[in-house]
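> Sharing entry-v6.json below, JSON, C-alpha atoms:
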[["chain", "number", "residue", "atom", "x", "y", "z"],
["U", 1, "VAL", "CA", 48.42, 4.93, 18.85],
["U", 2, "LYS", "CA", 47.54, 7.66, 16.34],
["U", 3, "ALA", "CA", 47.17, 5.10, 13.54],
["U", 4, "GLY", "CA", 44.71, 3.08, 15.65],
["U", 5, "LYS", "CA", 42.69, 6.22, 16.35],
["U", 6, "ASP", "CA", 42.61, 7.09, 12.63],
["U", 7, "VAL", "CA", 41.40, 3.59, 11.73],
["U", 8, "SER", "CA", 38.62, 3.72, 14.33],
["U", 9, "TYR", "CA", 37.46, 7.14, 13.04],
["U", 10, "LEU", "CA", 37.48, 5.79, 9.51],
["U", 11, "GLY", "CA", 35.37, 2.82, 10.66],
["U", 12, "VAL", "CA", 32.81, 5.12, 12.31],
["U", 13, "ILE", "CA", 32.61, 7.27, 9.17],
["U", 14, "LEU", "CA", 32.13, 4.21, 6.93],
["U", 15, "ILE", "CA", 29.37, 2.85, 9.20],
["U", 16, "GLY", "CA", 27.67, 6.27, 9.07],
["U", 17, "PHE", "CA", 27.80, 6.29, 5.27],
["U", 18, "GLY", "CA", 26.41, 2.74, 5.21],
["U", 19, "ILE", "CA", 23.45, 3.62, 7.47],
["U", 20, "THR", "CA", 22.75, 6.78, 5.45],
["U", 21, "GLY", "CA", 22.82, 4.77, 2.22],
["U", 22, "ILE", "CA", 20.36, 2.23, 3.61],
["U", 23, "LEU", "CA", 17.99, 5.01, 4.68],
["U", 24, "PHE", "CA", 18.13, 6.69, 1.27],
["U", 25, "TRP", "CA", 17.57, 3.35, -0.48],
["U", 26, "SER", "CA", 14.50, 2.51, 1.62],
["U", 27, "VAL", "CA", 12.96, 5.96, 1.08],
["U", 28, "PHE", "CA", 13.68, 5.78, -2.67],
["U", 29, "ARG", "CA", 12.19, 2.28, -2.88],
["U", 30, "GLU", "CA", 9.02, 3.31, -1.04],
["U", 31, "LEU", "CA", 8.47, 6.43, -3.12],
["U", 32, "PHE", "CA", 9.43, 5.22, -6.58],
["U", 33, "SER", "CA", 8.90, 1.45, -6.59],
["U", 34, "SER", "CA", 5.86, 0.43, -8.62],
["U", 35, "ASN", "CA", 5.05, -2.16, -5.95],
["U", 36, "SER", "CA", 5.04, 0.11, -2.93],
["U", 37, "ALA", "CA", 1.81, 0.40, -0.98],
["U", 38, "ASN", "CA", 1.41, 4.04, -2.02],
["U", 39, "ASN", "CA", 1.77, 3.28, -5.74],
["U", 40, "ILE", "CA", -0.63, 0.33, -5.47],
["U", 41, "TYR", "CA", -3.04, 2.67, -3.68],
["U", 42, "SER", "CA", -2.76, 5.27, -6.47],
["U", 43, "HIS", "CA", -3.28, 2.74, -9.26],
["U", 44, "THR", "CA", -6.17, 0.86, -7.64],
["U", 45, "LEU", "CA", -7.89, 4.09, -6.61],
["U", 46, "LYS", "CA", -8.13, 5.03, -10.29],
["U", 47, "LEU", "CA", -9.69, 1.63, -11.03],
["U", 48, "VAL", "CA", -12.12, 1.94, -8.12],
["U", 49, "LYS", "CA", -13.16, 5.50, -9.03],
["U", 50, "SER", "CA", -13.87, 4.45, -12.62],
["U", 51, "ASN", "CA", -16.01, 1.43, -11.64],
["U", 52, "GLN", "CA", -19.68, 2.24, -12.30],
["U", 53, "GLN", "CA", -20.98, 0.02, -9.47],
["U", 54, "VAL", "CA", -18.77, 1.85, -6.97],
["U", 55, "ILE", "CA", -19.89, 5.23, -8.31],
["U", 56, "ASP", "CA", -23.55, 4.19, -8.04],
["U", 57, "ALA", "CA", -23.13, 2.85, -4.49],
["U", 58, "LEU", "CA", -20.99, 5.66, -3.05],
["U", 59, "GLY", "CA", -21.89, 8.73, -5.08],
["U", 60, "THR", "CA", -19.44, 11.32, -6.35],
["U", 61, "PRO", "CA", -16.96, 12.71, -5.55],
["U", 62, "ILE", "CA", -15.11, 9.73, -4.12],
["U", 63, "THR", "CA", -12.29, 10.50, -1.71],
["U", 64, "ALA", "CA", -9.79, 8.07, -0.20],
["U", 65, "HIS", "CA", -7.55, 7.94, 2.85],
["U", 66, "GLY", "CA", -5.44, 5.57, 4.94],
["U", 67, "ASP", "CA", -5.92, 4.48, 8.54],
["U", 68, "GLN", "CA", -7.21, 7.07, 10.98],
["U", 69, "SER", "CA", -5.22, 7.89, 14.09],
["U", 70, "GLY", "CA", -6.61, 9.09, 17.42],
["U", 71, "ARG", "CA", -6.68, 12.80, 16.53],
["U", 72, "ASN", "CA", -8.67, 12.49, 13.29],
["U", 73, "ARG", "CA", -5.47, 12.45, 11.24],
["U", 74, "TYR", "CA", -4.95, 9.96, 8.46],
["U", 75, "ARG", "CA", -1.91, 7.74, 8.52],
["U", 76, "ASN", "CA", -0.18, 5.64, 5.92],
["U", 77, "ILE", "CA", -1.89, 3.13, 3.69],
["U", 78, "SER", "CA", -2.10, -0.23, 5.46],
["U", 79, "SER", "CA", -0.13, -3.00, 3.77],
["U", 80, "GLN", "CA", 1.04, -6.46, 4.75],
["U", 81, "GLU", "CA", 3.31, -8.91, 2.99],
["U", 82, "TYR", "CA", 2.83, -12.63, 3.62],
["U", 83, "ILE", "CA", 4.01, -15.99, 2.27],
["U", 84, "VAL", "CA", 1.87, -19.01, 1.35],
["U", 85, "ASN", "CA", 3.52, -22.17, -0.04],
["U", 86, "ASN", "CA", 6.77, -20.26, -0.67],
["U", 87, "GLU", "CA", 4.96, -17.65, -2.79],
["U", 88, "ASN", "CA", 4.95, -13.97, -1.82],
["U", 89, "TYR", "CA", 1.71, -12.03, -1.50],
["U", 90, "MET", "CA", 0.77, -8.53, -0.43],
["U", 91, "ARG", "CA", -2.43, -7.02, 0.95],
["U", 92, "VAL", "CA", -3.25, -3.33, 0.83],
["U", 93, "LYS", "CA", -6.23, -1.70, 2.55],
["U", 94, "TYR", "CA", -7.58, 1.85, 2.47],
["U", 95, "TYR", "CA", -10.86, 3.66, 2.92],
["U", 96, "ILE", "CA", -13.10, 5.55, 0.50],
["U", 97, "ASN", "CA", -15.99, 7.94, 1.03],
["U", 98, "GLY", "CA", -18.67, 9.17, -1.29],
["U", 99, "THR", "CA", -21.70, 11.40, -0.85],
["U", 100, "ARG", "CA", -24.06, 8.45, -0.26],
["U", 101, "ASN", "CA", -21.93, 5.77, 1.40],
["U", 102, "LYS", "CA", -18.45, 4.75, 2.49],
["U", 103, "GLY", "CA", -16.34, 1.65, 2.08],
["U", 104, "THR", "CA", -13.08, -0.19, 2.56],
["U", 105, "VAL", "CA", -10.96, -1.18, -0.43],
["U", 106, "HIS", "CA", -9.13, -4.52, -0.13],
["U", 107, "VAL", "CA", -6.38, -5.32, -2.63],
["U", 108, "ASP", "CA", -4.55, -8.64, -2.77],
["U", 109, "LEU", "CA", -1.48, -9.16, -4.96],
["U", 110, "LYS", "CA", 0.70, -12.15, -5.83],
["U", 111, "GLU", "CA", 4.37, -11.90, -6.77],
["U", 112, "VAL", "CA", 4.78, -13.40, -10.25],
["U", 113, "SER", "CA", 8.48, -12.62, -10.61],
["U", 114, "ARG", "CA", 11.01, -10.94, -8.37],
["U", 115, "GLY", "CA", 9.51, -7.58, -7.43],
["U", 116, "ASN", "CA", 6.60, -7.82, -9.89],
["U", 117, "TYR", "CA", 3.14, -8.33, -8.50],
["U", 118, "GLU", "CA", -0.15, -9.18, -10.19],
["U", 119, "TYR", "CA", -3.56, -8.23, -8.78],
["U", 120, "ARG", "CA", -5.47, -11.21, -7.43],
["U", 121, "TYR", "CA", -8.48, -9.12, -6.50],
["U", 122, "ILE", "CA", -9.65, -5.60, -5.81],
["U", 123, "LEU", "CA", -12.89, -5.36, -3.86],
["U", 124, "VAL", "CA", -14.85, -2.64, -2.12],
["U", 125, "GLU", "CA", -16.61, -3.56, 1.10],
["U", 126, "LEU", "CA", -19.44, -1.09, 1.69],
["U", 127, "THR", "CA", -19.43, -0.13, 5.37],
["U", 128, "GLY", "CA", -22.04, 2.63, 5.57],
["U", 129, "TYR", "CA", -25.80, 2.24, 5.86],
["U", 130, "GLN", "CA", -25.94, 0.17, 2.67],
["U", 131, "ARG", "CA", -23.76, -2.91, 3.21],
["U", 132, "GLY", "CA", -22.38, -5.17, 0.53],
["U", 133, "THR", "CA", -19.33, -6.05, -1.54],
["U", 134, "ILE", "CA", -18.39, -4.85, -5.00],
["U", 135, "MET", "CA", -15.78, -6.84, -6.90],
["U", 136, "VAL", "CA", -13.75, -4.41, -9.02],
["U", 137, "GLU", "CA", -11.28, -7.02, -10.33],
["U", 138, "ASP", "CA", -10.99, -10.78, -9.68],
["U", 139, "ASN", "CA", -8.08, -12.82, -11.06],
["U", 140, "ARG", "CA", -8.09, -15.69, -8.59]]
What would you get if you wrote out this structure as structure tokens?


Amino acid sequence: VKAGKDVSYLGVILIGFGITGILFWSVFRELFSSNSANNIYSHTLKLVKSNQQVIDALGTPITAHGDQSGRNRYRNISSQEYIVNNENYMRVKYYINGTRNKGTVHVDLKEVSRGNYEYRYILVELTGYQRGTIMVEDNR
């Protein structure tokens, strides 16, 4: 009876270690993977902020944020993975504001090899009083 109890405790401990390992792996992957939504956001924001058309349309300084929740707090960067013809793609969306206008940044990526994505396009959709679209990068 004692041996059965010891085995069951060991099983519970091993399951706990497994769940903890999975949690650490997912947090590590999100924070340090070059293809996480936050890293894509950081890289594309640099490209958007250095684009002269975006600077002219929005004004400086340009600030960025994710989705807005009900209490005026900003949440995570919106991202969605999808598959077309057995090829993996990812979309990332965030918002930017300048002194003259505001906009939404749309990023679309295609997986070229396991875990490595290539930008298909980066565009800024102006959503303030001056509407329009600025193509920052187009590799379609």

> Identify, on the basis of all atoms listed in the file, every residue whose closest approach to segment 74-91 of chain U does not exceed 7 Å; exclude the query and any residue fewer than 4 positions from it along the same chain; express the result as a PyMOL selection string.

chain U and resi 37-38+65-69+107-111

> Quick one: pull the distance between atom CA of Ser36 of chain U and atom CA of Gly18 of chain U, Å, one decimal.

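We find that atom CA of Ser36 of chain U and atom CA of Gly18 of chain U lie 23.0 Å from each other.
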
> Between atom CA of Tyr95 of chain U and atom CA of Ile40 of chain U, what is the distance in Å, rounded to a tenth?

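Computing it gives 13.6 Å between the two atoms.
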
> Closest to Ile55 of chain U among U:Ile19, U:Val112, U:Val27, U:Ile96, using only C-alpha atoms?

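Selected residue with least distance to Ile55 of chain U: U:Ile96.
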
> To test the calculation: enclose all listed atoms of segment 36-45 of chain U in a box whose edges run along x, y and z, add 6 Å on each side, then state centre and edge lengths in Å to one decimal, as AutoDock Vina command-line options.


--center_x -1.4 --center_y 2.7 --center_z -5.1 --size_x 24.9 --size_y 17.2 --size_z 20.3

> If we count all atoms listed in the file, what is near Glu125 of chain U at a cut-off of 7 Å, once residues fewer than 6 positions away on the same chain are taken out, given as a PDB file with C-alpha atoms, in the coordinates of the input?


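In the end it all went to selection23.pdb:
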ATOM      1  CA  GLY U 103     -16.340   1.650   2.080  1.00  0.00           C
ATOM      2  CA  THR U 104     -13.080  -0.190   2.560  1.00  0.00           C
ATOM      3  CA  VAL U 105     -10.960  -1.180  -0.430  1.00  0.00           C
ATOM      4  CA  GLY U 132     -22.380  -5.170   0.530  1.00  0.00           C
ATOM      5  CA  THR U 133     -19.330  -6.050  -1.540  1.00  0.00           C
ATOM      6  CA  ILE U 134     -18.390  -4.850  -5.000  1.00  0.00           C
TER       7      ILE U 134
END

> Select, from U:Val92, U:Leu45, U:Asn101, U:Ser26, the residue with the minimum atom-to-atom distance to Arg120 of chain U, counting only C-alpha atoms.

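Looking at the shortest contact to Arg120 of chain U, the residue is U:Val92.
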
> Quick one: pull the distance between atom CA of Asn51 of chain U and atom CA of Thr63 of chain U, Å, one decimal.

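Spanning atom CA of Asn51 of chain U to atom CA of Thr63 of chain U is a straight-line distance of 14.0 Å.
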
> Nearest residue to Lys93 of chain U out of U:Lys5, U:Lys49, U:His106, U:Arg140, using only C-alpha atoms?

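The closest residue to Lys93 of chain U is U:His106.
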
> Tell me which of U:Gly4, U:Gly11, U:Gly98, U:Gly128 sits closest to Asp56 of chain U, counting only C-alpha atoms.

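Once distances to Asp56 of chain U are computed over only C-alpha atoms, the minimum belongs to U:Gly98.
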
> Closest to Thr60 of chain U among U:Asn139, U:Arg100, U:Gly16, U:Lys2, using all atoms listed in the file?

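When distances to Thr60 of chain U are compared using all atoms listed in the file, the smallest one comes from U:Arg100.
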
> Could you pull the residues within 9 Å of Val54 of chain U, counting all atoms listed in the file, minus those fewer than 4 positions along the same chain, as a ChimeraX atom specification?

/U:48-50,58-59,124,134,136
